[in-house]
>>> print(open('entry.txt').read())   # compact mmCIF, N, CA and C atoms
# COMPACT_ATOMS: atom_id res chain seq x y z
N MET A 1 66.62 89.79 91.47
CA MET A 1 67.80 89.19 92.08
C MET A 1 68.12 87.89 91.35
N GLN A 2 69.41 87.67 91.22
CA GLN A 2 69.81 86.41 90.65
C GLN A 2 70.87 85.79 91.52
N GLY A 3 70.74 84.52 91.87
CA GLY A 3 71.70 83.79 92.70
C GLY A 3 72.35 84.60 93.81
N GLU A 4 72.67 84.05 94.89
CA GLU A 4 73.48 84.57 95.98
C GLU A 4 73.27 86.04 96.31
N GLY A 5 72.11 86.61 96.06
CA GLY A 5 71.83 87.98 96.44
C GLY A 5 72.40 89.04 95.51
N LYS A 6 72.95 88.64 94.38
CA LYS A 6 73.50 89.60 93.44
C LYS A 6 72.38 90.19 92.58
N THR A 7 72.48 91.49 92.36
CA THR A 7 71.57 92.18 91.47
C THR A 7 72.22 92.24 90.10
N ARG A 8 71.42 92.20 89.08
CA ARG A 8 71.96 92.26 87.72
C ARG A 8 72.73 93.56 87.52
N ALA A 9 73.94 93.45 87.05
CA ALA A 9 74.79 94.61 86.81
C ALA A 9 74.54 95.13 85.39
N PRO A 10 74.67 96.44 85.18
CA PRO A 10 74.49 96.99 83.84
C PRO A 10 75.66 96.63 82.91
N TRP A 11 75.42 96.74 81.63
CA TRP A 11 76.44 96.37 80.64
C TRP A 11 77.73 97.17 80.82
N TRP A 12 77.60 98.45 81.18
CA TRP A 12 78.79 99.29 81.30
C TRP A 12 79.70 98.85 82.44
N PHE A 13 79.11 98.20 83.46
CA PHE A 13 79.92 97.66 84.55
C PHE A 13 80.87 96.59 84.03
N TYR A 14 80.34 95.68 83.20
CA TYR A 14 81.18 94.63 82.63
C TYR A 14 82.23 95.21 81.70
N ALA A 15 81.85 96.23 80.93
CA ALA A 15 82.81 96.89 80.03
C ALA A 15 83.93 97.54 80.84
N ALA A 16 83.57 98.25 81.90
CA ALA A 16 84.58 98.90 82.75
C ALA A 16 85.49 97.86 83.41
N ALA A 17 84.89 96.79 83.90
CA ALA A 17 85.68 95.73 84.53
C ALA A 17 86.64 95.09 83.53
N ALA A 18 86.17 94.88 82.30
CA ALA A 18 87.03 94.29 81.27
C ALA A 18 88.19 95.22 80.92
N VAL A 19 87.93 96.51 80.83
CA VAL A 19 89.00 97.48 80.58
C VAL A 19 90.00 97.46 81.73
N LEU A 20 89.50 97.37 82.95
CA LEU A 20 90.39 97.30 84.12
C LEU A 20 91.23 96.02 84.12
N VAL A 21 90.66 94.92 83.64
CA VAL A 21 91.44 93.68 83.52
C VAL A 21 92.58 93.89 82.52
N LEU A 22 92.29 94.51 81.39
CA LEU A 22 93.34 94.79 80.41
C LEU A 22 94.40 95.72 81.00
N TRP A 23 93.98 96.75 81.72
CA TRP A 23 94.90 97.66 82.40
C TRP A 23 95.78 96.86 83.39
N GLY A 24 95.15 95.96 84.13
CA GLY A 24 95.89 95.14 85.08
C GLY A 24 96.91 94.24 84.41
N ILE A 25 96.54 93.67 83.28
CA ILE A 25 97.47 92.81 82.52
C ILE A 25 98.67 93.64 82.06
N MET A 26 98.40 94.85 81.56
CA MET A 26 99.50 95.71 81.12
C MET A 26 100.41 96.08 82.29
N GLY A 27 99.82 96.34 83.46
CA GLY A 27 100.61 96.67 84.64
C GLY A 27 101.50 95.52 85.08
N VAL A 28 100.94 94.33 85.12
CA VAL A 28 101.72 93.16 85.51
C VAL A 28 102.84 92.91 84.50
N ALA A 29 102.54 93.05 83.21
CA ALA A 29 103.56 92.86 82.18
C ALA A 29 104.68 93.89 82.33
N ALA A 30 104.31 95.15 82.61
CA ALA A 30 105.33 96.19 82.80
C ALA A 30 106.17 95.89 84.03
N CYS A 31 105.55 95.43 85.08
CA CYS A 31 106.28 95.08 86.31
C CYS A 31 107.26 93.95 86.05
N ILE A 32 106.81 92.90 85.42
CA ILE A 32 107.69 91.76 85.12
C ILE A 32 108.84 92.22 84.24
N SER A 33 108.54 93.02 83.24
CA SER A 33 109.58 93.53 82.35
C SER A 33 110.61 94.35 83.10
N GLN A 34 110.14 95.25 83.97
CA GLN A 34 111.08 96.09 84.70
C GLN A 34 111.90 95.28 85.71
N LEU A 35 111.29 94.34 86.37
CA LEU A 35 112.03 93.52 87.33
C LEU A 35 113.04 92.63 86.62
N ARG A 36 112.72 92.21 85.40
CA ARG A 36 113.61 91.35 84.62
C ARG A 36 114.71 92.15 83.92
N ASP A 37 114.31 93.27 83.28
CA ASP A 37 115.23 94.01 82.41
C ASP A 37 115.82 95.26 83.05
N GLY A 38 115.33 95.65 84.22
CA GLY A 38 115.85 96.83 84.89
C GLY A 38 115.42 98.12 84.21
N ALA A 39 116.29 99.11 84.28
CA ALA A 39 115.97 100.44 83.76
C ALA A 39 115.74 100.45 82.26
N ASP A 40 116.29 99.49 81.54
CA ASP A 40 116.13 99.44 80.09
C ASP A 40 114.78 98.87 79.64
N ALA A 41 113.94 98.50 80.57
CA ALA A 41 112.64 97.90 80.23
C ALA A 41 111.76 98.85 79.43
N MET A 42 111.92 100.15 79.62
CA MET A 42 111.05 101.12 78.94
C MET A 42 111.78 101.85 77.83
N GLY A 43 112.77 101.22 77.25
CA GLY A 43 113.52 101.85 76.17
C GLY A 43 114.93 102.19 76.63
N ALA A 44 115.59 102.99 75.82
CA ALA A 44 116.96 103.37 76.12
C ALA A 44 117.00 104.15 77.44
N ALA A 45 117.74 103.62 78.39
CA ALA A 45 117.84 104.24 79.71
C ALA A 45 119.11 105.09 79.79
N SER A 46 119.00 106.18 80.52
CA SER A 46 120.16 107.04 80.77
C SER A 46 120.97 106.48 81.93
N ASP A 47 122.13 107.04 82.14
CA ASP A 47 122.94 106.65 83.30
C ASP A 47 122.17 106.93 84.59
N TYR A 48 121.43 108.05 84.61
CA TYR A 48 120.62 108.38 85.79
C TYR A 48 119.58 107.30 86.04
N ASP A 49 118.88 106.87 84.98
CA ASP A 49 117.85 105.84 85.11
C ASP A 49 118.44 104.55 85.68
N ARG A 50 119.61 104.16 85.16
CA ARG A 50 120.25 102.93 85.64
C ARG A 50 120.65 103.05 87.11
N ALA A 51 121.20 104.21 87.47
CA ALA A 51 121.61 104.42 88.86
C ALA A 51 120.40 104.43 89.78
N LEU A 52 119.33 105.08 89.35
CA LEU A 52 118.10 105.13 90.16
C LEU A 52 117.54 103.73 90.35
N PHE A 53 117.47 102.97 89.28
CA PHE A 53 116.92 101.62 89.39
C PHE A 53 117.80 100.75 90.30
N ALA A 54 119.11 100.92 90.20
CA ALA A 54 120.03 100.13 91.02
C ALA A 54 119.87 100.43 92.51
N GLN A 55 119.45 101.65 92.85
CA GLN A 55 119.32 102.01 94.26
C GLN A 55 117.94 101.69 94.84
N LEU A 56 117.02 101.21 94.03
CA LEU A 56 115.69 100.88 94.55
C LEU A 56 115.79 99.76 95.58
N PRO A 57 115.21 99.95 96.74
CA PRO A 57 115.25 98.88 97.75
C PRO A 57 114.40 97.69 97.31
N LEU A 58 114.70 96.54 97.86
CA LEU A 58 113.97 95.32 97.52
C LEU A 58 112.48 95.47 97.83
N TRP A 59 112.14 96.13 98.94
CA TRP A 59 110.74 96.28 99.30
C TRP A 59 110.00 97.10 98.24
N TYR A 60 110.68 98.02 97.58
CA TYR A 60 110.05 98.84 96.54
C TYR A 60 109.63 97.95 95.37
N ARG A 61 110.50 97.05 95.01
CA ARG A 61 110.19 96.13 93.90
C ARG A 61 109.03 95.21 94.28
N ALA A 62 109.04 94.75 95.52
CA ALA A 62 107.93 93.91 96.00
C ALA A 62 106.64 94.71 96.02
N ASP A 63 106.70 95.97 96.44
CA ASP A 63 105.52 96.83 96.47
C ASP A 63 104.96 97.02 95.06
N TYR A 64 105.84 97.19 94.08
CA TYR A 64 105.42 97.33 92.69
C TYR A 64 104.67 96.07 92.24
N ALA A 65 105.20 94.91 92.58
CA ALA A 65 104.54 93.65 92.22
C ALA A 65 103.18 93.53 92.92
N ILE A 66 103.12 93.93 94.18
CA ILE A 66 101.85 93.88 94.91
C ILE A 66 100.85 94.84 94.29
N ALA A 67 101.29 96.05 93.96
CA ALA A 67 100.39 97.05 93.37
C ALA A 67 99.79 96.55 92.06
N THR A 68 100.61 96.00 91.19
CA THR A 68 100.10 95.57 89.88
C THR A 68 99.34 94.25 89.99
N GLY A 69 99.84 93.35 90.82
CA GLY A 69 99.15 92.06 90.97
C GLY A 69 97.77 92.18 91.57
N THR A 70 97.65 93.01 92.61
CA THR A 70 96.34 93.18 93.23
C THR A 70 95.39 93.99 92.36
N MET A 71 95.93 94.87 91.51
CA MET A 71 95.06 95.57 90.54
C MET A 71 94.46 94.56 89.58
N LEU A 72 95.28 93.67 89.04
CA LEU A 72 94.76 92.66 88.12
C LEU A 72 93.77 91.74 88.81
N LEU A 73 94.11 91.25 89.99
CA LEU A 73 93.20 90.36 90.71
C LEU A 73 91.91 91.09 91.10
N GLY A 74 92.02 92.35 91.50
CA GLY A 74 90.83 93.14 91.84
C GLY A 74 89.93 93.35 90.64
N ALA A 75 90.53 93.62 89.49
CA ALA A 75 89.74 93.79 88.27
C ALA A 75 89.05 92.48 87.89
N LEU A 76 89.77 91.38 88.02
CA LEU A 76 89.15 90.07 87.74
C LEU A 76 88.02 89.80 88.72
N ALA A 77 88.22 90.18 89.99
CA ALA A 77 87.17 90.00 91.00
C ALA A 77 85.94 90.83 90.65
N LEU A 78 86.15 92.03 90.12
CA LEU A 78 85.01 92.83 89.66
C LEU A 78 84.28 92.12 88.53
N LEU A 79 85.05 91.62 87.58
CA LEU A 79 84.46 90.98 86.41
C LEU A 79 83.62 89.75 86.79
N VAL A 80 84.09 88.98 87.78
CA VAL A 80 83.33 87.80 88.21
C VAL A 80 82.39 88.13 89.36
N ARG A 81 82.36 89.41 89.74
CA ARG A 81 81.39 89.96 90.69
C ARG A 81 81.51 89.37 92.10
N THR A 82 82.72 89.43 92.63
CA THR A 82 82.94 88.98 94.00
C THR A 82 83.37 90.15 94.88
N ARG A 83 83.02 90.10 96.13
CA ARG A 83 83.31 91.18 97.07
C ARG A 83 84.80 91.38 97.32
N PHE A 84 85.62 90.40 96.98
CA PHE A 84 87.06 90.53 97.19
C PHE A 84 87.65 91.67 96.37
N ALA A 85 86.90 92.16 95.40
CA ALA A 85 87.37 93.28 94.58
C ALA A 85 87.70 94.49 95.44
N VAL A 86 86.87 94.79 96.43
CA VAL A 86 87.09 95.97 97.28
C VAL A 86 88.42 95.85 98.02
N ALA A 87 88.67 94.74 98.66
CA ALA A 87 89.91 94.56 99.41
C ALA A 87 91.13 94.57 98.49
N LEU A 88 91.06 93.87 97.38
CA LEU A 88 92.19 93.81 96.46
C LEU A 88 92.52 95.18 95.87
N LEU A 89 91.49 95.91 95.48
CA LEU A 89 91.72 97.23 94.89
C LEU A 89 92.18 98.24 95.93
N THR A 90 91.78 98.05 97.18
CA THR A 90 92.29 98.90 98.26
C THR A 90 93.78 98.66 98.46
N VAL A 91 94.18 97.40 98.51
CA VAL A 91 95.60 97.08 98.66
C VAL A 91 96.40 97.65 97.49
N SER A 92 95.87 97.52 96.28
CA SER A 92 96.56 98.05 95.11
C SER A 92 96.77 99.56 95.21
N LEU A 93 95.71 100.27 95.57
CA LEU A 93 95.80 101.73 95.65
C LEU A 93 96.80 102.17 96.73
N VAL A 94 96.77 101.52 97.87
CA VAL A 94 97.72 101.85 98.94
C VAL A 94 99.15 101.56 98.47
N ALA A 95 99.35 100.42 97.80
CA ALA A 95 100.69 100.07 97.32
C ALA A 95 101.18 101.09 96.28
N VAL A 96 100.30 101.57 95.42
CA VAL A 96 100.67 102.59 94.44
C VAL A 96 101.08 103.88 95.15
N MET A 97 100.32 104.26 96.17
CA MET A 97 100.65 105.49 96.91
C MET A 97 102.01 105.35 97.60
N ILE A 98 102.29 104.19 98.15
CA ILE A 98 103.59 103.96 98.78
C ILE A 98 104.70 104.02 97.73
N GLN A 99 104.49 103.34 96.64
CA GLN A 99 105.49 103.28 95.57
C GLN A 99 105.86 104.67 95.07
N PHE A 100 104.87 105.42 94.63
CA PHE A 100 105.17 106.72 94.04
C PHE A 100 105.47 107.77 95.11
N GLY A 101 104.88 107.62 96.28
CA GLY A 101 105.21 108.53 97.37
C GLY A 101 106.69 108.46 97.70
N TRP A 102 107.19 107.24 97.81
CA TRP A 102 108.62 107.07 98.10
C TRP A 102 109.46 107.60 96.94
N MET A 103 109.09 107.24 95.73
CA MET A 103 109.89 107.65 94.56
C MET A 103 110.04 109.17 94.49
N PHE A 104 108.95 109.88 94.69
CA PHE A 104 109.00 111.34 94.52
C PHE A 104 109.49 112.07 95.76
N ALA A 105 109.35 111.45 96.92
CA ALA A 105 109.81 112.10 98.15
C ALA A 105 111.28 111.77 98.47
N MET A 106 111.73 110.60 98.08
CA MET A 106 113.05 110.15 98.52
C MET A 106 114.11 110.15 97.42
N THR A 107 113.75 110.53 96.21
CA THR A 107 114.75 110.62 95.14
C THR A 107 114.68 112.03 94.53
N ASP A 108 115.62 112.31 93.68
CA ASP A 108 115.66 113.61 93.00
C ASP A 108 115.12 113.53 91.58
N ILE A 109 114.26 112.57 91.30
CA ILE A 109 113.78 112.34 89.94
C ILE A 109 113.07 113.56 89.35
N ILE A 110 112.29 114.27 90.14
CA ILE A 110 111.58 115.44 89.61
C ILE A 110 112.58 116.54 89.26
N ALA A 111 113.56 116.74 90.10
CA ALA A 111 114.57 117.77 89.83
C ALA A 111 115.39 117.43 88.59
N VAL A 112 115.67 116.16 88.39
CA VAL A 112 116.51 115.74 87.27
C VAL A 112 115.70 115.68 85.97
N LYS A 113 114.51 115.08 86.01
CA LYS A 113 113.75 114.84 84.79
C LYS A 113 112.63 115.84 84.54
N GLY A 114 112.26 116.60 85.56
CA GLY A 114 111.20 117.59 85.39
C GLY A 114 109.85 117.07 85.87
N PRO A 115 108.90 117.97 85.99
CA PRO A 115 107.59 117.59 86.55
C PRO A 115 106.76 116.67 85.66
N TYR A 116 107.11 116.54 84.39
CA TYR A 116 106.33 115.67 83.51
C TYR A 116 106.39 114.21 83.96
N VAL A 117 107.40 113.84 84.78
CA VAL A 117 107.47 112.46 85.26
C VAL A 117 106.32 112.13 86.21
N LEU A 118 105.57 113.14 86.63
CA LEU A 118 104.42 112.92 87.51
C LEU A 118 103.17 112.49 86.75
N TYR A 119 103.09 112.78 85.47
CA TYR A 119 101.84 112.57 84.72
C TYR A 119 101.37 111.13 84.72
N PHE A 120 102.22 110.20 84.33
CA PHE A 120 101.78 108.80 84.26
C PHE A 120 101.49 108.23 85.65
N PRO A 121 102.33 108.49 86.65
CA PRO A 121 101.97 108.02 88.00
C PRO A 121 100.63 108.59 88.48
N LEU A 122 100.35 109.84 88.15
CA LEU A 122 99.05 110.41 88.54
C LEU A 122 97.90 109.72 87.81
N LEU A 123 98.12 109.34 86.56
CA LEU A 123 97.12 108.58 85.82
C LEU A 123 96.90 107.21 86.47
N ILE A 124 97.98 106.56 86.83
CA ILE A 124 97.88 105.25 87.50
C ILE A 124 97.10 105.38 88.81
N LEU A 125 97.42 106.41 89.57
CA LEU A 125 96.72 106.66 90.83
C LEU A 125 95.24 106.92 90.59
N ALA A 126 94.91 107.72 89.58
CA ALA A 126 93.52 108.04 89.28
C ALA A 126 92.75 106.80 88.85
N ILE A 127 93.35 105.97 88.02
CA ILE A 127 92.67 104.74 87.58
C ILE A 127 92.45 103.81 88.77
N GLY A 128 93.44 103.71 89.65
CA GLY A 128 93.28 102.89 90.85
C GLY A 128 92.15 103.40 91.74
N ALA A 129 92.07 104.72 91.90
CA ALA A 129 91.00 105.31 92.71
C ALA A 129 89.64 105.08 92.07
N LEU A 130 89.56 105.24 90.76
CA LEU A 130 88.29 105.00 90.06
C LEU A 130 87.88 103.54 90.13
N ALA A 131 88.84 102.63 90.03
CA ALA A 131 88.53 101.20 90.13
C ALA A 131 87.98 100.88 91.52
N LEU A 132 88.60 101.43 92.55
CA LEU A 132 88.11 101.20 93.91
C LEU A 132 86.73 101.82 94.11
N HIS A 133 86.52 103.00 93.56
CA HIS A 133 85.20 103.63 93.64
C HIS A 133 84.14 102.75 92.96
N LEU A 134 84.47 102.22 91.79
CA LEU A 134 83.55 101.33 91.09
C LEU A 134 83.23 100.10 91.94
N ALA A 135 84.23 99.55 92.60
CA ALA A 135 83.99 98.39 93.46
C ALA A 135 83.04 98.73 94.61
N HIS A 136 83.23 99.91 95.20
CA HIS A 136 82.33 100.32 96.29
C HIS A 136 80.91 100.54 95.77
N VAL A 137 80.77 101.16 94.62
CA VAL A 137 79.45 101.37 94.02
C VAL A 137 78.80 100.01 93.74
N ALA A 138 79.58 99.11 93.16
CA ALA A 138 79.05 97.78 92.84
C ALA A 138 78.63 97.04 94.10
N ARG A 139 79.38 97.19 95.15
CA ARG A 139 79.03 96.53 96.42
C ARG A 139 77.72 97.09 96.98
N ARG A 140 77.61 98.43 96.99
CA ARG A 140 76.39 99.06 97.50
C ARG A 140 75.15 98.70 96.68
N ARG A 141 75.32 98.54 95.39
CA ARG A 141 74.18 98.23 94.51
C ARG A 141 73.90 96.75 94.38
N GLY A 142 74.71 95.95 95.02
CA GLY A 142 74.47 94.50 94.99
C GLY A 142 74.98 93.81 93.74
N TRP A 143 75.83 94.48 92.98
CA TRP A 143 76.38 93.86 91.77
C TRP A 143 77.48 92.89 92.11
N ILE A 144 78.14 93.11 93.27
CA ILE A 144 79.11 92.15 93.77
C ILE A 144 78.70 91.81 95.20
N VAL A 145 78.92 90.57 95.54
CA VAL A 145 78.52 90.11 96.89
C VAL A 145 79.66 89.28 97.46
>>> encode(input="entry.txt", output="structure tokens")
Amino acid sequence: MQGEGKTRAPWWFYAAAAVLVLWGIMGVAACISQLRDGADAMGAASDYDRALFAQLPLWYRADYAIATGTMLLGALALLVRTRFAVALLTVSLVAVMIQFGWMFAMTDIIAVKGPYVLYFPLLILAIGALALHLAHVARRRGWIV
């Protein structure tokens, strides 16, 4: 045991946490870019993309910021080995589910663009779930306190 009841974490834990911090930074940067630049943030946008972005409710944009911000903070919490990682990553995962759940249930994006638009959101969801799982494992093993 070292300080405050924490058990020494393996090297791969730090590597995974560092990768998650980079992922979180990319997410926050993408969020800021989209909130600033709108539909054109990810390249040339179609008329459909612009119309879809224009109809997004304010809460959706706030949810996107919460999802990416808490992912970054949760990853940083993992890296510095604090228990807040579990709560932050839980909030992030729930916010991602709300964000994409609304997008795919309440718009016609899949019908217009095809099912391939699901791939990246599913990757985001999977990474969020894996990050939360890592936080729970770290908590149980005493790597975060």
>>> atom_distance(input="entry.txt", atom1="atom CA of Ala135 of chain A", atom2="atom CA of Val86 of chain A")
5.5 Å
>>> axis_aligned_box(input="entry.txt", around="segment 40-50 of chain A", padding_each_side="8 Å", output="AutoDock Vina command-line options")
--center_x 117.0 --center_y 103.1 --center_z 81.5 --size_x 27.9 --size_y 26.5 --size_z 27.3
>>> residues_around(input="entry.txt", residues="segment 53-62 of chain A", least_positions_apart="5", cutoff="8 Å", atoms="only N, CA and C atoms", output="PyMOL selection string")
chain A and resi 35+38-39+47-48+67-68+98-99
>>> residues_around(input="entry.txt", residues="Ala18 of chain A", least_positions_apart="6", cutoff="8 Å", atoms="only N, CA and C atoms", output="VMD selection string")
chain A and resid 12 24 75 to 76 78 to 79
>>> closest_atom_pairs(input="entry.txt", of="segment 24-102 of chain A", to="segment 121-130 of chain A", cutoff="7 Å", atoms="only N, CA and C atoms", output="Markdown table")
| residue | atom | partner | partner_atom | distance |
| --- | --- | --- | --- | --- |
| A:Leu89 | C | A:Gly128 | C | 6.6 |
| A:Ser92 | C | A:Gly128 | CA | 6.5 |
| A:Leu93 | CA | A:Gly128 | CA | 5.5 |
| A:Val96 | CA | A:Leu125 | CA | 6.7 |
| A:Met97 | N | A:Leu125 | CA | 6.9 |
| A:Phe100 | CA | A:Pro121 | CA | 7.0 |
>>> atom_distance(input="entry.txt", atom1="atom CA of Ala131 of chain A", atom2="atom CA of Ser33 of chain A")
23.7 Å
>>> residues_around(input="entry.txt", residues="Val91 of chain A", least_positions_apart="6", cutoff="7 Å", atoms="all atoms listed in the file", output="ChimeraX atom specification")
/A:66-67,70-71
>>> residues_near_point(input="entry.txt", point="(79.4, 88.2, 95.0)", cutoff="6 Å", atoms="only N, CA and C atoms", output="VMD selection string")
chain A and resid 81 to 83 143 to 145
>>> decode(input="entry.txt", residues="segment 50-73 of chain A", atoms="N, CA, C and O atoms", output="CSV table (one decimal), in the first residue's frame")
chain,number,residue,atom,x,y,z
A,50,ARG,N,-26.8,21.2,-42.3
A,50,ARG,CA,-27.0,22.5,-41.8
A,50,ARG,C,-28.4,22.7,-41.1
A,50,ARG,O,-28.5,23.2,-40.1
A,51,ALA,N,-29.4,22.1,-41.8
A,51,ALA,CA,-30.7,22.1,-41.3
A,51,ALA,C,-30.8,21.3,-40.0
A,51,ALA,O,-31.5,21.8,-39.0
A,52,LEU,N,-30.2,20.2,-40.0
A,52,LEU,CA,-30.2,19.3,-38.7
A,52,LEU,C,-29.6,20.1,-37.6
A,52,LEU,O,-30.1,20.1,-36.5
A,53,PHE,N,-28.4,20.6,-37.8
A,53,PHE,CA,-27.7,21.3,-36.8
A,53,PHE,C,-28.5,22.5,-36.3
A,53,PHE,O,-28.6,22.8,-35.1
A,54,ALA,N,-29.2,23.2,-37.2
A,54,ALA,CA,-30.0,24.4,-36.8
A,54,ALA,C,-31.2,24.0,-35.9
A,54,ALA,O,-31.6,24.8,-35.1
A,55,GLN,N,-31.7,22.8,-36.1
A,55,GLN,CA,-32.8,22.4,-35.3
A,55,GLN,C,-32.5,21.7,-33.9
A,55,GLN,O,-33.3,21.4,-33.1
A,56,LEU,N,-31.2,21.6,-33.7
A,56,LEU,CA,-30.8,21.0,-32.4
A,56,LEU,C,-31.2,21.9,-31.2
A,56,LEU,O,-30.9,23.1,-31.2
A,57,PRO,N,-31.9,21.3,-30.3
A,57,PRO,CA,-32.3,22.1,-29.1
A,57,PRO,C,-31.0,22.5,-28.3
A,57,PRO,O,-30.0,21.9,-28.3
A,58,LEU,N,-31.2,23.6,-27.5
A,58,LEU,CA,-30.1,24.1,-26.7
A,58,LEU,C,-29.6,23.0,-25.7
A,58,LEU,O,-28.4,22.9,-25.5
A,59,TRP,N,-30.6,22.3,-25.1
A,59,TRP,CA,-30.2,21.3,-24.2
A,59,TRP,C,-29.3,20.2,-24.8
A,59,TRP,O,-28.4,19.6,-24.1
A,60,TYR,N,-29.5,19.9,-26.1
A,60,TYR,CA,-28.7,18.9,-26.8
A,60,TYR,C,-27.2,19.4,-26.9
A,60,TYR,O,-26.3,18.6,-26.6
A,61,ARG,N,-27.0,20.7,-27.1
A,61,ARG,CA,-25.7,21.2,-27.2
A,61,ARG,C,-25.0,21.2,-25.8
A,61,ARG,O,-23.8,20.9,-25.7
A,62,ALA,N,-25.8,21.5,-24.8
A,62,ALA,CA,-25.3,21.4,-23.4
A,62,ALA,C,-25.0,20.0,-23.0
A,62,ALA,O,-23.9,19.8,-22.4
A,63,ASP,N,-25.8,19.1,-23.5
A,63,ASP,CA,-25.5,17.6,-23.2
A,63,ASP,C,-24.2,17.2,-23.8
A,63,ASP,O,-23.5,16.5,-23.2
A,64,TYR,N,-24.0,17.7,-25.1
A,64,TYR,CA,-22.7,17.3,-25.8
A,64,TYR,C,-21.5,17.8,-25.0
A,64,TYR,O,-20.6,17.1,-24.8
A,65,ALA,N,-21.6,19.1,-24.5
A,65,ALA,CA,-20.5,19.6,-23.7
A,65,ALA,C,-20.4,18.9,-22.4
A,65,ALA,O,-19.2,18.6,-22.0
A,66,ILE,N,-21.4,18.5,-21.8
A,66,ILE,CA,-21.3,17.7,-20.5
A,66,ILE,C,-20.7,16.3,-20.8
A,66,ILE,O,-19.8,15.9,-20.1
A,67,ALA,N,-21.1,15.7,-21.9
A,67,ALA,CA,-20.6,14.4,-22.3
A,67,ALA,C,-19.1,14.4,-22.5
A,67,ALA,O,-18.4,13.6,-22.0
A,68,THR,N,-18.6,15.4,-23.2
A,68,THR,CA,-17.2,15.4,-23.5
A,68,THR,C,-16.4,16.0,-22.4
A,68,THR,O,-15.3,15.5,-22.1
A,69,GLY,N,-17.0,17.0,-21.7
A,69,GLY,CA,-16.2,17.5,-20.5
A,69,GLY,C,-16.0,16.5,-19.4
A,69,GLY,O,-15.0,16.4,-18.8
A,70,THR,N,-17.1,15.8,-19.1
A,70,THR,CA,-17.0,14.8,-18.0
A,70,THR,C,-16.1,13.6,-18.4
A,70,THR,O,-15.5,13.0,-17.6
A,71,MET,N,-16.1,13.3,-19.7
A,71,MET,CA,-15.1,12.3,-20.2
A,71,MET,C,-13.7,12.7,-19.9
A,71,MET,O,-12.9,11.9,-19.4
A,72,LEU,N,-13.4,13.9,-20.3
A,72,LEU,CA,-12.0,14.4,-20.1
A,72,LEU,C,-11.7,14.5,-18.6
A,72,LEU,O,-10.6,14.0,-18.2
A,73,LEU,N,-12.6,15.0,-17.8
A,73,LEU,CA,-12.3,15.1,-16.4
A,73,LEU,C,-12.3,13.7,-15.7
A,73,LEU,O,-11.4,13.5,-14.8
